[in-house]
Amino acid sequence: MFTRRTVPRIAAAVKKPSGARGFASEKELRDRLGTIKNISKVTKAMNMVAAAKLRKHQDALELANKFSASMEGMFYEVESDSKILVVPVSTDKGLCGGVNTFVNRESKSLMNSLIADNKEFSLFTYGGKAKGNLGRAFGKYMVGGVTDIAGGNPITFTESCEIAQTIAANEFGECKVIYNKFVNMITFDTLTVNFPSASNFAENAATKFEAYEEEGDEGGHYKNFYEFMLAVQLHGIFNNAQTCEQSSRMTAMDNSSSNADEMYEKLLLQANRVRQQKITKELMEIVAGASAVQD
């Protein structure tokens with residue numbers, strides 16, 4: 001009776017508390033080694049896929065830069081007290097370093113400053129990461145967004161035109177696009193570019209383009225010119241963002257693979273030590289037993 005009541009209490013008292021750290025057994029080390037090895041295989045595969053995609057995106061970016069370079073300087077600064085449209089350009093998938101972090105951080109800083117200055121603004125997101133991150137804090141300002149663009153392939157000019165048309169359909173006086181500009185394999189710059197609205201552009205276009213000969217219906221060619229310039233500029237921006245995504249993912253997966261390999265070597269050494277200690281202990285027990293029998 002006494003034993004039946006007391007033993008469970010003693011067992012509960014000496015039970016190892018949750019969260020307490022101890023020496024890992026050989027089986028636990030081997031299980032962890034298998035997990036790390038599988039993770040290393042995944043990161044190396046993602047690194048190879050990102051490297052293959054990066055080359056394709058770099059070729060598309062080179063063509064897009066040549067295409068959009070002809071329109072640089074055509075958009076001019078327009079002072080407007082109307083609503084500001086904030087467009088952060090992010091990615092749909094993660095595991096690509098700080099690409100989305102820098103864009104979201106810059107967007108939050110911009111929108112918080114607009115709130116502090118009592119300026120009216122709205123939010124239009126490009127990519128699932130901006131929508132998920134900024135939607136939680138600035139959801140009431142969101143007027144739309146696009147996700148799952150191009151399915152991982154370089155964006156086409158047709159897709160850029162559709163997105164530009166969607167952005168231009170919103171009511172705003174000035175559009176601020178935050179994106180990452182590709183510099184090289186390991187470097188990118190987070191920039192903010194400003195675009196006027198179609199109405200503000202048309203109001204000042206006659207003065208700005210008076211040196212050019214114009215053809216077409218009265219007033220309509222400015223609207224067409226604006227839509228074309230906006231699509232060209234956004235096409236270059238989207239290609240820069242996609243190239244930054246692949247280069248950052250390749251770098252991140254390469255670092256992850258290196259860290260996994262380093263961790264694997266350390267754990268393998270620890271597991272071999274535990275195994276050697278176990279073998280040494282068994283040999284000592286066998287020798288001690290043999291000596292006892294001889295005595």
# chains A, B, ... in the order shown; residues from 1 in each chain; ligands from 1
$ select_by_dssp --residues "region 51-286 of chain A" --states "helix (DSSP H, G or I)" --output "number ranges by chain"
A: 51-69, 99-116, 128-141, 150-152, 157-168, 198-208, 220-286
$ residues_around --residues "region 103-106 of chain A" --least-positions-apart "3" --cutoff "7 Å" --atoms "only C-alpha atoms" --output "PyMOL selection string"
chain A and resi 88+90+99-100+109-110+130+134+178-179+190
$ write_last_selection --atoms "all heavy atoms" --output "compact mmCIF listing (two decimals), in the first residue's frame"
# COMPACT_ATOMS: atom_id res chain seq x y z
N PRO A 88 4.62 49.28 -53.38
CA PRO A 88 5.82 48.48 -53.07
C PRO A 88 5.90 47.27 -53.98
O PRO A 88 4.91 46.56 -54.19
CB PRO A 88 5.59 48.07 -51.61
CG PRO A 88 4.11 48.09 -51.43
CD PRO A 88 3.56 49.11 -52.37
N SER A 90 7.39 43.72 -54.39
CA SER A 90 8.00 42.63 -53.64
C SER A 90 7.95 41.35 -54.47
O SER A 90 7.68 41.37 -55.68
CB SER A 90 7.28 42.44 -52.30
OG SER A 90 5.97 41.95 -52.51
N VAL A 99 15.46 40.96 -49.62
CA VAL A 99 14.82 41.67 -50.73
C VAL A 99 13.49 42.29 -50.28
O VAL A 99 13.25 43.49 -50.49
CB VAL A 99 14.62 40.72 -51.93
CG1 VAL A 99 13.69 41.35 -52.96
CG2 VAL A 99 15.95 40.39 -52.57
N ASN A 100 12.63 41.48 -49.70
CA ASN A 100 11.31 41.97 -49.29
C ASN A 100 11.39 42.83 -48.03
O ASN A 100 10.59 43.76 -47.86
CB ASN A 100 10.36 40.79 -49.06
CG ASN A 100 10.12 39.98 -50.31
OD1 ASN A 100 9.80 40.53 -51.36
ND2 ASN A 100 10.30 38.68 -50.23
N SER A 109 8.08 53.16 -43.66
CA SER A 109 8.63 54.48 -43.29
C SER A 109 7.94 55.60 -44.07
O SER A 109 7.59 56.65 -43.51
CB SER A 109 10.13 54.50 -43.54
OG SER A 109 10.67 55.77 -43.27
N LEU A 110 7.73 55.37 -45.37
CA LEU A 110 7.06 56.36 -46.21
C LEU A 110 5.63 56.61 -45.76
O LEU A 110 5.20 57.76 -45.60
CB LEU A 110 7.10 55.92 -47.67
CG LEU A 110 6.32 56.77 -48.67
CD1 LEU A 110 6.84 58.19 -48.71
CD2 LEU A 110 6.36 56.14 -50.06
N ALA A 130 4.57 41.70 -49.98
CA ALA A 130 4.16 43.06 -49.60
C ALA A 130 2.70 43.06 -49.14
O ALA A 130 2.34 43.75 -48.19
CB ALA A 130 4.36 44.02 -50.76
N LEU A 134 2.39 44.29 -45.34
CA LEU A 134 1.84 45.63 -45.19
C LEU A 134 0.34 45.63 -44.99
O LEU A 134 -0.21 46.57 -44.43
CB LEU A 134 2.19 46.47 -46.43
CG LEU A 134 3.68 46.64 -46.71
CD1 LEU A 134 3.89 47.41 -48.02
CD2 LEU A 134 4.38 47.36 -45.57
N ILE A 178 8.25 51.76 -54.86
CA ILE A 178 9.43 51.34 -54.11
C ILE A 178 9.85 49.97 -54.62
O ILE A 178 9.05 49.03 -54.60
CB ILE A 178 9.15 51.28 -52.59
CG1 ILE A 178 8.70 52.64 -52.08
CG2 ILE A 178 10.39 50.83 -51.83
CD1 ILE A 178 7.24 52.80 -51.89
N TYR A 179 11.10 49.87 -55.07
CA TYR A 179 11.56 48.60 -55.66
C TYR A 179 13.05 48.43 -55.44
O TYR A 179 13.75 49.37 -55.00
CB TYR A 179 11.25 48.57 -57.16
CG TYR A 179 12.15 49.44 -58.01
CD1 TYR A 179 13.18 48.88 -58.77
CD2 TYR A 179 11.99 50.82 -58.05
CE1 TYR A 179 14.01 49.67 -59.55
CE2 TYR A 179 12.81 51.61 -58.82
CZ TYR A 179 13.81 51.04 -59.57
OH TYR A 179 14.64 51.83 -60.32
N THR A 190 17.66 49.82 -52.93
CA THR A 190 16.23 50.04 -52.77
C THR A 190 15.92 51.50 -53.10
O THR A 190 16.39 52.40 -52.41
CB THR A 190 15.77 49.71 -51.34
OG1 THR A 190 16.14 48.36 -51.02
CG2 THR A 190 14.26 49.84 -51.21
$ closest_residue --among "A:Ser82, A:Gln165, A:Ser291, A:Asn170" --to "Asn224 (chain A)" --atoms "only C-alpha atoms"
A:Gln165
$ residues_around --residues "Asp261 (chain A)" --least-positions-apart "2" --cutoff "12 Å" --atoms "only C-alpha atoms" --output "ChimeraX atom specification"
/A:33-41,43-44,254-259,263-268
$ select_by_dssp --residues "region 85-217 of chain A" --states "strand (DSSP E)" --output "number ranges by chain"
A: 85-88, 121-126, 142-146, 174-184, 187-196
$ write_last_selection --atoms "N, CA, C and O atoms" --output "compact mmCIF listing (two decimals), in the first residue's frame"
# COMPACT_ATOMS: atom_id res chain seq x y z
N LEU A 85 -0.36 57.50 -54.23
CA LEU A 85 -0.47 56.05 -54.36
C LEU A 85 0.90 55.43 -54.12
O LEU A 85 1.86 55.71 -54.84
N VAL A 86 1.00 54.58 -53.09
CA VAL A 86 2.25 53.90 -52.74
C VAL A 86 2.22 52.50 -53.33
O VAL A 86 1.28 51.73 -53.07
N VAL A 87 3.24 52.15 -54.11
CA VAL A 87 3.30 50.84 -54.78
C VAL A 87 4.60 50.14 -54.40
O VAL A 87 5.65 50.38 -55.03
N PRO A 88 4.62 49.28 -53.38
CA PRO A 88 5.82 48.48 -53.07
C PRO A 88 5.90 47.27 -53.98
O PRO A 88 4.91 46.56 -54.19
N PHE A 121 -3.29 59.03 -48.65
CA PHE A 121 -2.60 58.11 -49.54
C PHE A 121 -3.36 56.78 -49.60
O PHE A 121 -4.25 56.50 -48.78
N SER A 122 -3.02 55.98 -50.59
CA SER A 122 -3.57 54.64 -50.74
C SER A 122 -2.43 53.69 -51.07
O SER A 122 -1.34 54.09 -51.46
N LEU A 123 -2.70 52.40 -50.93
CA LEU A 123 -1.66 51.37 -51.08
C LEU A 123 -2.06 50.36 -52.14
O LEU A 123 -3.17 49.82 -52.10
N PHE A 124 -1.16 50.12 -53.08
CA PHE A 124 -1.35 49.10 -54.12
C PHE A 124 -0.11 48.22 -54.11
O PHE A 124 1.00 48.70 -54.37
N THR A 125 -0.27 46.93 -53.81
CA THR A 125 0.88 46.04 -53.62
C THR A 125 1.16 45.20 -54.87
O THR A 125 0.24 44.80 -55.58
N TYR A 126 2.43 44.95 -55.09
CA TYR A 126 2.89 44.05 -56.15
C TYR A 126 3.64 42.92 -55.46
O TYR A 126 4.68 43.13 -54.84
N MET A 142 -5.38 49.96 -48.37
CA MET A 142 -5.13 49.15 -49.56
C MET A 142 -6.30 49.24 -50.54
O MET A 142 -7.45 49.05 -50.17
N VAL A 143 -5.97 49.50 -51.80
CA VAL A 143 -6.99 49.61 -52.84
C VAL A 143 -6.88 48.49 -53.87
O VAL A 143 -7.72 48.39 -54.77
N GLY A 144 -5.86 47.66 -53.75
CA GLY A 144 -5.70 46.56 -54.69
C GLY A 144 -4.29 46.02 -54.68
O GLY A 144 -3.43 46.44 -53.89
N GLY A 145 -4.04 45.06 -55.55
CA GLY A 145 -2.72 44.46 -55.63
C GLY A 145 -2.71 43.33 -56.64
O GLY A 145 -3.77 42.86 -57.08
N VAL A 146 -1.53 42.89 -57.00
CA VAL A 146 -1.36 41.77 -57.94
C VAL A 146 -0.40 40.76 -57.32
O VAL A 146 0.58 41.13 -56.68
N GLU A 174 -0.05 61.53 -57.39
CA GLU A 174 1.34 61.13 -57.56
C GLU A 174 1.49 59.68 -57.13
O GLU A 174 0.89 59.26 -56.14
N CYS A 175 2.28 58.94 -57.87
CA CYS A 175 2.51 57.52 -57.58
C CYS A 175 3.96 57.33 -57.17
O CYS A 175 4.88 57.77 -57.88
N LYS A 176 4.19 56.67 -56.04
CA LYS A 176 5.53 56.39 -55.54
C LYS A 176 5.75 54.87 -55.57
O LYS A 176 5.06 54.14 -54.87
N VAL A 177 6.69 54.43 -56.38
CA VAL A 177 6.99 53.00 -56.53
C VAL A 177 8.29 52.70 -55.81
O VAL A 177 9.33 53.31 -56.10
N ILE A 178 8.25 51.76 -54.86
CA ILE A 178 9.43 51.34 -54.11
C ILE A 178 9.85 49.97 -54.62
O ILE A 178 9.05 49.03 -54.60
N TYR A 179 11.10 49.87 -55.07
CA TYR A 179 11.56 48.60 -55.66
C TYR A 179 13.05 48.43 -55.44
O TYR A 179 13.75 49.37 -55.00
N ASN A 180 13.57 47.24 -55.75
CA ASN A 180 15.00 46.95 -55.65
C ASN A 180 15.63 46.99 -57.05
O ASN A 180 15.15 46.31 -57.96
N LYS A 181 16.68 47.77 -57.19
CA LYS A 181 17.39 47.88 -58.46
C LYS A 181 18.61 46.97 -58.44
O LYS A 181 19.44 47.07 -57.54
N PHE A 182 18.71 46.11 -59.42
CA PHE A 182 19.81 45.15 -59.49
C PHE A 182 21.11 45.86 -59.84
O PHE A 182 21.18 46.64 -60.79
N VAL A 183 22.17 45.59 -59.04
CA VAL A 183 23.50 46.16 -59.28
C VAL A 183 24.45 45.07 -59.75
O VAL A 183 25.05 45.17 -60.82
N ASN A 184 24.60 44.04 -58.93
CA ASN A 184 25.40 42.87 -59.31
C ASN A 184 24.87 41.66 -58.55
O ASN A 184 23.81 41.73 -57.93
N THR A 187 24.64 42.60 -54.75
CA THR A 187 24.27 43.95 -54.34
C THR A 187 23.02 44.43 -55.08
O THR A 187 22.86 44.15 -56.27
N PHE A 188 22.15 45.12 -54.35
CA PHE A 188 21.00 45.80 -54.96
C PHE A 188 20.69 47.04 -54.14
O PHE A 188 21.04 47.13 -52.96
N ASP A 189 20.07 48.02 -54.77
CA ASP A 189 19.69 49.27 -54.12
C ASP A 189 18.17 49.38 -54.06
O ASP A 189 17.48 49.07 -55.04
N THR A 190 17.66 49.82 -52.93
CA THR A 190 16.23 50.04 -52.77
C THR A 190 15.92 51.50 -53.10
O THR A 190 16.39 52.40 -52.41
N LEU A 191 15.15 51.71 -54.16
CA LEU A 191 14.88 53.05 -54.67
C LEU A 191 13.40 53.37 -54.64
O LEU A 191 12.55 52.47 -54.61
N THR A 192 13.09 54.66 -54.69
CA THR A 192 11.72 55.15 -54.80
C THR A 192 11.63 56.09 -55.99
O THR A 192 12.39 57.07 -56.07
N VAL A 193 10.75 55.77 -56.93
CA VAL A 193 10.57 56.63 -58.11
C VAL A 193 9.15 57.19 -58.10
O VAL A 193 8.21 56.53 -57.61
N ASN A 194 8.99 58.38 -58.65
CA ASN A 194 7.70 59.07 -58.66
C ASN A 194 7.16 59.17 -60.07
O ASN A 194 7.90 59.48 -61.01
N PHE A 195 5.86 58.93 -60.19
CA PHE A 195 5.15 59.08 -61.46
C PHE A 195 3.93 59.96 -61.24
O PHE A 195 3.22 59.79 -60.25
N PRO A 196 3.65 60.89 -62.15
CA PRO A 196 2.43 61.69 -62.02
C PRO A 196 1.21 60.89 -62.48
O PRO A 196 1.33 59.84 -63.11
$ residues_around --residues "region 47-62 of chain A" --least-positions-apart "6" --cutoff "7 Å" --atoms "only C-alpha atoms" --output "ChimeraX atom specification"
/A:154,239-240,243,246-247,249-250,253-254
$ write_last_selection --atoms "N, CA, C and O atoms" --output "short mmCIF file (atom, residue, chain, number, x, y, z; two decimals), in the first residue's frame"
data_model
loop_
_atom_site.label_atom_id
_atom_site.label_comp_id
_atom_site.auth_asym_id
_atom_site.auth_seq_id
_atom_site.Cartn_x
_atom_site.Cartn_y
_atom_site.Cartn_z
N PRO A 154 10.48 35.44 -66.44
CA PRO A 154 10.59 36.89 -66.64
C PRO A 154 9.27 37.48 -67.13
O PRO A 154 8.60 36.93 -68.00
N ASN A 239 11.38 43.89 -63.89
CA ASN A 239 12.51 43.02 -64.25
C ASN A 239 13.67 43.17 -63.27
O ASN A 239 14.35 42.18 -62.95
N ASN A 240 13.90 44.39 -62.80
CA ASN A 240 14.92 44.58 -61.77
C ASN A 240 14.56 43.83 -60.49
O ASN A 240 15.42 43.18 -59.88
N THR A 243 15.07 40.02 -60.97
CA THR A 243 16.47 39.64 -60.99
C THR A 243 17.08 39.69 -59.59
O THR A 243 17.87 38.81 -59.22
N GLN A 246 16.08 36.47 -57.66
CA GLN A 246 16.83 35.25 -57.98
C GLN A 246 18.27 35.33 -57.49
O GLN A 246 18.80 34.33 -56.98
N SER A 247 18.91 36.49 -57.62
CA SER A 247 20.29 36.60 -57.15
C SER A 247 20.36 36.49 -55.63
O SER A 247 21.26 35.83 -55.09
N ARG A 249 18.16 34.92 -53.71
CA ARG A 249 17.83 33.53 -53.35
C ARG A 249 19.05 32.62 -53.56
O ARG A 249 19.32 31.74 -52.74
N MET A 250 19.77 32.83 -54.65
CA MET A 250 20.96 32.02 -54.91
C MET A 250 22.00 32.24 -53.80
O MET A 250 22.59 31.27 -53.29
N MET A 253 20.67 30.65 -50.44
CA MET A 253 20.74 29.19 -50.43
C MET A 253 22.18 28.69 -50.39
O MET A 253 22.46 27.65 -49.78
N ASP A 254 23.10 29.44 -51.00
CA ASP A 254 24.51 29.08 -50.92
C ASP A 254 25.01 29.21 -49.48
O ASP A 254 25.74 28.32 -48.98
#
$ residues_around --residues "Tyr226 (chain A)" --least-positions-apart "4" --cutoff "9 Å" --atoms "only C-alpha atoms" --output "JSON, numbers by chain"
{"A": [75, 197, 198, 201, 202, 221, 222, 230, 231]}
$ atom_distance --atom1 "CA of Glu282 (chain A)" --atom2 "CA of Arg32 (chain A)"
24.7 Å
$ atom_distance --atom1 "CA of Cys96 (chain A)" --atom2 "CA of Cys244 (chain A)"
8.7 Å
$ closest_residue --among "A:Leu234, A:Val274, A:Val89, A:Met111" --to "Phe67 (chain A)" --atoms "only C-alpha atoms"
A:Leu234
$ closest_residue --among "A:Ile84, A:Val293, A:Ala64, A:Gly127" --to "Ala150 (chain A)" --atoms "only C-alpha atoms"
A:Gly127
$ closest_residue --among "A:Thr251, A:Gln276, A:Val232, A:Gln270" --to "Glu28 (chain A)" --atoms "only C-alpha atoms"
A:Gln270
$ decode --residues "region 176-190 of chain A" --atoms "all heavy atoms" --output "PDB file, in the first residue's frame"
ATOM      1  N   LYS A 176       4.186  56.675 -56.037  1.00  0.00           N
ATOM      2  CA  LYS A 176       5.532  56.388 -55.540  1.00  0.00           C
ATOM      3  C   LYS A 176       5.749  54.872 -55.574  1.00  0.00           C
ATOM      4  O   LYS A 176       5.061  54.136 -54.873  1.00  0.00           O
ATOM      5  CB  LYS A 176       5.723  56.918 -54.113  1.00  0.00           C
ATOM      6  CG  LYS A 176       5.700  58.446 -54.020  1.00  0.00           C
ATOM      7  CD  LYS A 176       5.943  58.900 -52.608  1.00  0.00           C
ATOM      8  CE  LYS A 176       5.968  60.423 -52.509  1.00  0.00           C
ATOM      9  NZ  LYS A 176       7.150  60.999 -53.180  1.00  0.00           N
ATOM     10  N   VAL A 177       6.686  54.427 -56.381  1.00  0.00           N
ATOM     11  CA  VAL A 177       6.989  53.002 -56.531  1.00  0.00           C
ATOM     12  C   VAL A 177       8.290  52.701 -55.808  1.00  0.00           C
ATOM     13  O   VAL A 177       9.330  53.314 -56.097  1.00  0.00           O
ATOM     14  CB  VAL A 177       7.097  52.607 -58.018  1.00  0.00           C
ATOM     15  CG1 VAL A 177       7.392  51.118 -58.151  1.00  0.00           C
ATOM     16  CG2 VAL A 177       5.817  52.967 -58.763  1.00  0.00           C
ATOM     17  N   ILE A 178       8.248  51.764 -54.864  1.00  0.00           N
ATOM     18  CA  ILE A 178       9.431  51.341 -54.110  1.00  0.00           C
ATOM     19  C   ILE A 178       9.851  49.971 -54.619  1.00  0.00           C
ATOM     20  O   ILE A 178       9.052  49.030 -54.600  1.00  0.00           O
ATOM     21  CB  ILE A 178       9.155  51.278 -52.592  1.00  0.00           C
ATOM     22  CG1 ILE A 178       8.699  52.641 -52.079  1.00  0.00           C
ATOM     23  CG2 ILE A 178      10.389  50.826 -51.830  1.00  0.00           C
ATOM     24  CD1 ILE A 178       7.239  52.803 -51.892  1.00  0.00           C
ATOM     25  N   TYR A 179      11.099  49.865 -55.072  1.00  0.00           N
ATOM     26  CA  TYR A 179      11.557  48.602 -55.662  1.00  0.00           C
ATOM     27  C   TYR A 179      13.052  48.434 -55.438  1.00  0.00           C
ATOM     28  O   TYR A 179      13.748  49.372 -54.996  1.00  0.00           O
ATOM     29  CB  TYR A 179      11.247  48.569 -57.158  1.00  0.00           C
ATOM     30  CG  TYR A 179      12.155  49.437 -58.009  1.00  0.00           C
ATOM     31  CD1 TYR A 179      13.183  48.884 -58.772  1.00  0.00           C
ATOM     32  CD2 TYR A 179      11.990  50.818 -58.051  1.00  0.00           C
ATOM     33  CE1 TYR A 179      14.012  49.671 -59.548  1.00  0.00           C
ATOM     34  CE2 TYR A 179      12.807  51.610 -58.818  1.00  0.00           C
ATOM     35  CZ  TYR A 179      13.813  51.039 -59.565  1.00  0.00           C
ATOM     36  OH  TYR A 179      14.642  51.831 -60.322  1.00  0.00           O
ATOM     37  N   ASN A 180      13.573  47.240 -55.751  1.00  0.00           N
ATOM     38  CA  ASN A 180      15.004  46.946 -55.652  1.00  0.00           C
ATOM     39  C   ASN A 180      15.626  46.989 -57.046  1.00  0.00           C
ATOM     40  O   ASN A 180      15.150  46.308 -57.957  1.00  0.00           O
ATOM     41  CB  ASN A 180      15.233  45.566 -55.026  1.00  0.00           C
ATOM     42  CG  ASN A 180      14.815  45.515 -53.577  1.00  0.00           C
ATOM     43  OD1 ASN A 180      15.160  46.383 -52.784  1.00  0.00           O
ATOM     44  ND2 ASN A 180      14.050  44.498 -53.208  1.00  0.00           N
ATOM     45  N   LYS A 181      16.680  47.771 -57.187  1.00  0.00           N
ATOM     46  CA  LYS A 181      17.386  47.884 -58.464  1.00  0.00           C
ATOM     47  C   LYS A 181      18.608  46.971 -58.437  1.00  0.00           C
ATOM     48  O   LYS A 181      19.443  47.067 -57.537  1.00  0.00           O
ATOM     49  CB  LYS A 181      17.799  49.331 -58.730  1.00  0.00           C
ATOM     50  CG  LYS A 181      18.510  49.531 -60.074  1.00  0.00           C
ATOM     51  CD  LYS A 181      18.830  50.986 -60.290  1.00  0.00           C
ATOM     52  CE  LYS A 181      19.588  51.201 -61.605  1.00  0.00           C
ATOM     53  NZ  LYS A 181      18.801  50.759 -62.771  1.00  0.00           N
ATOM     54  N   PHE A 182      18.711  46.108 -59.418  1.00  0.00           N
ATOM     55  CA  PHE A 182      19.809  45.148 -59.491  1.00  0.00           C
ATOM     56  C   PHE A 182      21.114  45.857 -59.840  1.00  0.00           C
ATOM     57  O   PHE A 182      21.175  46.636 -60.793  1.00  0.00           O
ATOM     58  CB  PHE A 182      19.488  44.086 -60.552  1.00  0.00           C
ATOM     59  CG  PHE A 182      20.555  43.035 -60.718  1.00  0.00           C
ATOM     60  CD1 PHE A 182      20.671  42.005 -59.811  1.00  0.00           C
ATOM     61  CD2 PHE A 182      21.426  43.098 -61.784  1.00  0.00           C
ATOM     62  CE1 PHE A 182      21.646  41.037 -59.959  1.00  0.00           C
ATOM     63  CE2 PHE A 182      22.412  42.132 -61.954  1.00  0.00           C
ATOM     64  CZ  PHE A 182      22.523  41.099 -61.036  1.00  0.00           C
ATOM     65  N   VAL A 183      22.171  45.587 -59.038  1.00  0.00           N
ATOM     66  CA  VAL A 183      23.501  46.161 -59.285  1.00  0.00           C
ATOM     67  C   VAL A 183      24.454  45.068 -59.752  1.00  0.00           C
ATOM     68  O   VAL A 183      25.052  45.165 -60.817  1.00  0.00           O
ATOM     69  CB  VAL A 183      24.045  46.861 -58.025  1.00  0.00           C
ATOM     70  CG1 VAL A 183      25.446  47.411 -58.282  1.00  0.00           C
ATOM     71  CG2 VAL A 183      23.113  47.983 -57.583  1.00  0.00           C
ATOM     72  N   ASN A 184      24.602  44.035 -58.930  1.00  0.00           N
ATOM     73  CA  ASN A 184      25.398  42.874 -59.309  1.00  0.00           C
ATOM     74  C   ASN A 184      24.874  41.657 -58.550  1.00  0.00           C
ATOM     75  O   ASN A 184      23.810  41.725 -57.926  1.00  0.00           O
ATOM     76  CB  ASN A 184      26.901  43.103 -59.061  1.00  0.00           C
ATOM     77  CG  ASN A 184      27.189  43.553 -57.640  1.00  0.00           C
ATOM     78  OD1 ASN A 184      26.678  42.993 -56.678  1.00  0.00           O
ATOM     79  ND2 ASN A 184      28.004  44.586 -57.507  1.00  0.00           N
ATOM     80  N   MET A 185      25.635  40.573 -58.567  1.00  0.00           N
ATOM     81  CA  MET A 185      25.151  39.308 -58.001  1.00  0.00           C
ATOM     82  C   MET A 185      24.873  39.394 -56.507  1.00  0.00           C
ATOM     83  O   MET A 185      24.035  38.655 -55.987  1.00  0.00           O
ATOM     84  CB  MET A 185      26.179  38.204 -58.266  1.00  0.00           C
ATOM     85  CG  MET A 185      26.424  37.932 -59.735  1.00  0.00           C
ATOM     86  SD  MET A 185      25.081  37.019 -60.499  1.00  0.00           S
ATOM     87  CE  MET A 185      25.335  35.414 -59.783  1.00  0.00           C
ATOM     88  N   ILE A 186      25.556  40.273 -55.793  1.00  0.00           N
ATOM     89  CA  ILE A 186      25.418  40.327 -54.338  1.00  0.00           C
ATOM     90  C   ILE A 186      24.920  41.681 -53.848  1.00  0.00           C
ATOM     91  O   ILE A 186      24.801  41.888 -52.648  1.00  0.00           O
ATOM     92  CB  ILE A 186      26.751  39.992 -53.638  1.00  0.00           C
ATOM     93  CG1 ILE A 186      27.850  40.959 -54.076  1.00  0.00           C
ATOM     94  CG2 ILE A 186      27.153  38.555 -53.906  1.00  0.00           C
ATOM     95  CD1 ILE A 186      29.167  40.768 -53.347  1.00  0.00           C
ATOM     96  N   THR A 187      24.637  42.598 -54.749  1.00  0.00           N
ATOM     97  CA  THR A 187      24.266  43.955 -54.338  1.00  0.00           C
ATOM     98  C   THR A 187      23.023  44.426 -55.080  1.00  0.00           C
ATOM     99  O   THR A 187      22.862  44.151 -56.270  1.00  0.00           O
ATOM    100  CB  THR A 187      25.421  44.946 -54.606  1.00  0.00           C
ATOM    101  OG1 THR A 187      26.616  44.439 -54.030  1.00  0.00           O
ATOM    102  CG2 THR A 187      25.110  46.308 -53.998  1.00  0.00           C
ATOM    103  N   PHE A 188      22.149  45.122 -54.353  1.00  0.00           N
ATOM    104  CA  PHE A 188      21.003  45.796 -54.956  1.00  0.00           C
ATOM    105  C   PHE A 188      20.692  47.041 -54.137  1.00  0.00           C
ATOM    106  O   PHE A 188      21.043  47.125 -52.958  1.00  0.00           O
ATOM    107  CB  PHE A 188      19.768  44.875 -55.022  1.00  0.00           C
ATOM    108  CG  PHE A 188      19.311  44.367 -53.684  1.00  0.00           C
ATOM    109  CD1 PHE A 188      18.428  45.098 -52.893  1.00  0.00           C
ATOM    110  CD2 PHE A 188      19.751  43.147 -53.202  1.00  0.00           C
ATOM    111  CE1 PHE A 188      17.997  44.642 -51.661  1.00  0.00           C
ATOM    112  CE2 PHE A 188      19.329  42.669 -51.975  1.00  0.00           C
ATOM    113  CZ  PHE A 188      18.441  43.416 -51.202  1.00  0.00           C
ATOM    114  N   ASP A 189      20.067  48.020 -54.771  1.00  0.00           N
ATOM    115  CA  ASP A 189      19.694  49.273 -54.121  1.00  0.00           C
ATOM    116  C   ASP A 189      18.175  49.379 -54.062  1.00  0.00           C
ATOM    117  O   ASP A 189      17.483  49.068 -55.042  1.00  0.00           O
ATOM    118  CB  ASP A 189      20.252  50.474 -54.886  1.00  0.00           C
ATOM    119  CG  ASP A 189      21.774  50.505 -54.866  1.00  0.00           C
ATOM    120  OD1 ASP A 189      22.359  50.052 -53.866  1.00  0.00           O
ATOM    121  OD2 ASP A 189      22.374  50.970 -55.858  1.00  0.00           O
ATOM    122  N   THR A 190      17.660  49.815 -52.927  1.00  0.00           N
ATOM    123  CA  THR A 190      16.226  50.039 -52.772  1.00  0.00           C
ATOM    124  C   THR A 190      15.918  51.495 -53.100  1.00  0.00           C
ATOM    125  O   THR A 190      16.389  52.400 -52.412  1.00  0.00           O
ATOM    126  CB  THR A 190      15.769  49.706 -51.339  1.00  0.00           C
ATOM    127  OG1 THR A 190      16.144  48.357 -51.016  1.00  0.00           O
ATOM    128  CG2 THR A 190      14.264  49.842 -51.210  1.00  0.00           C
TER     129      THR A 190
END
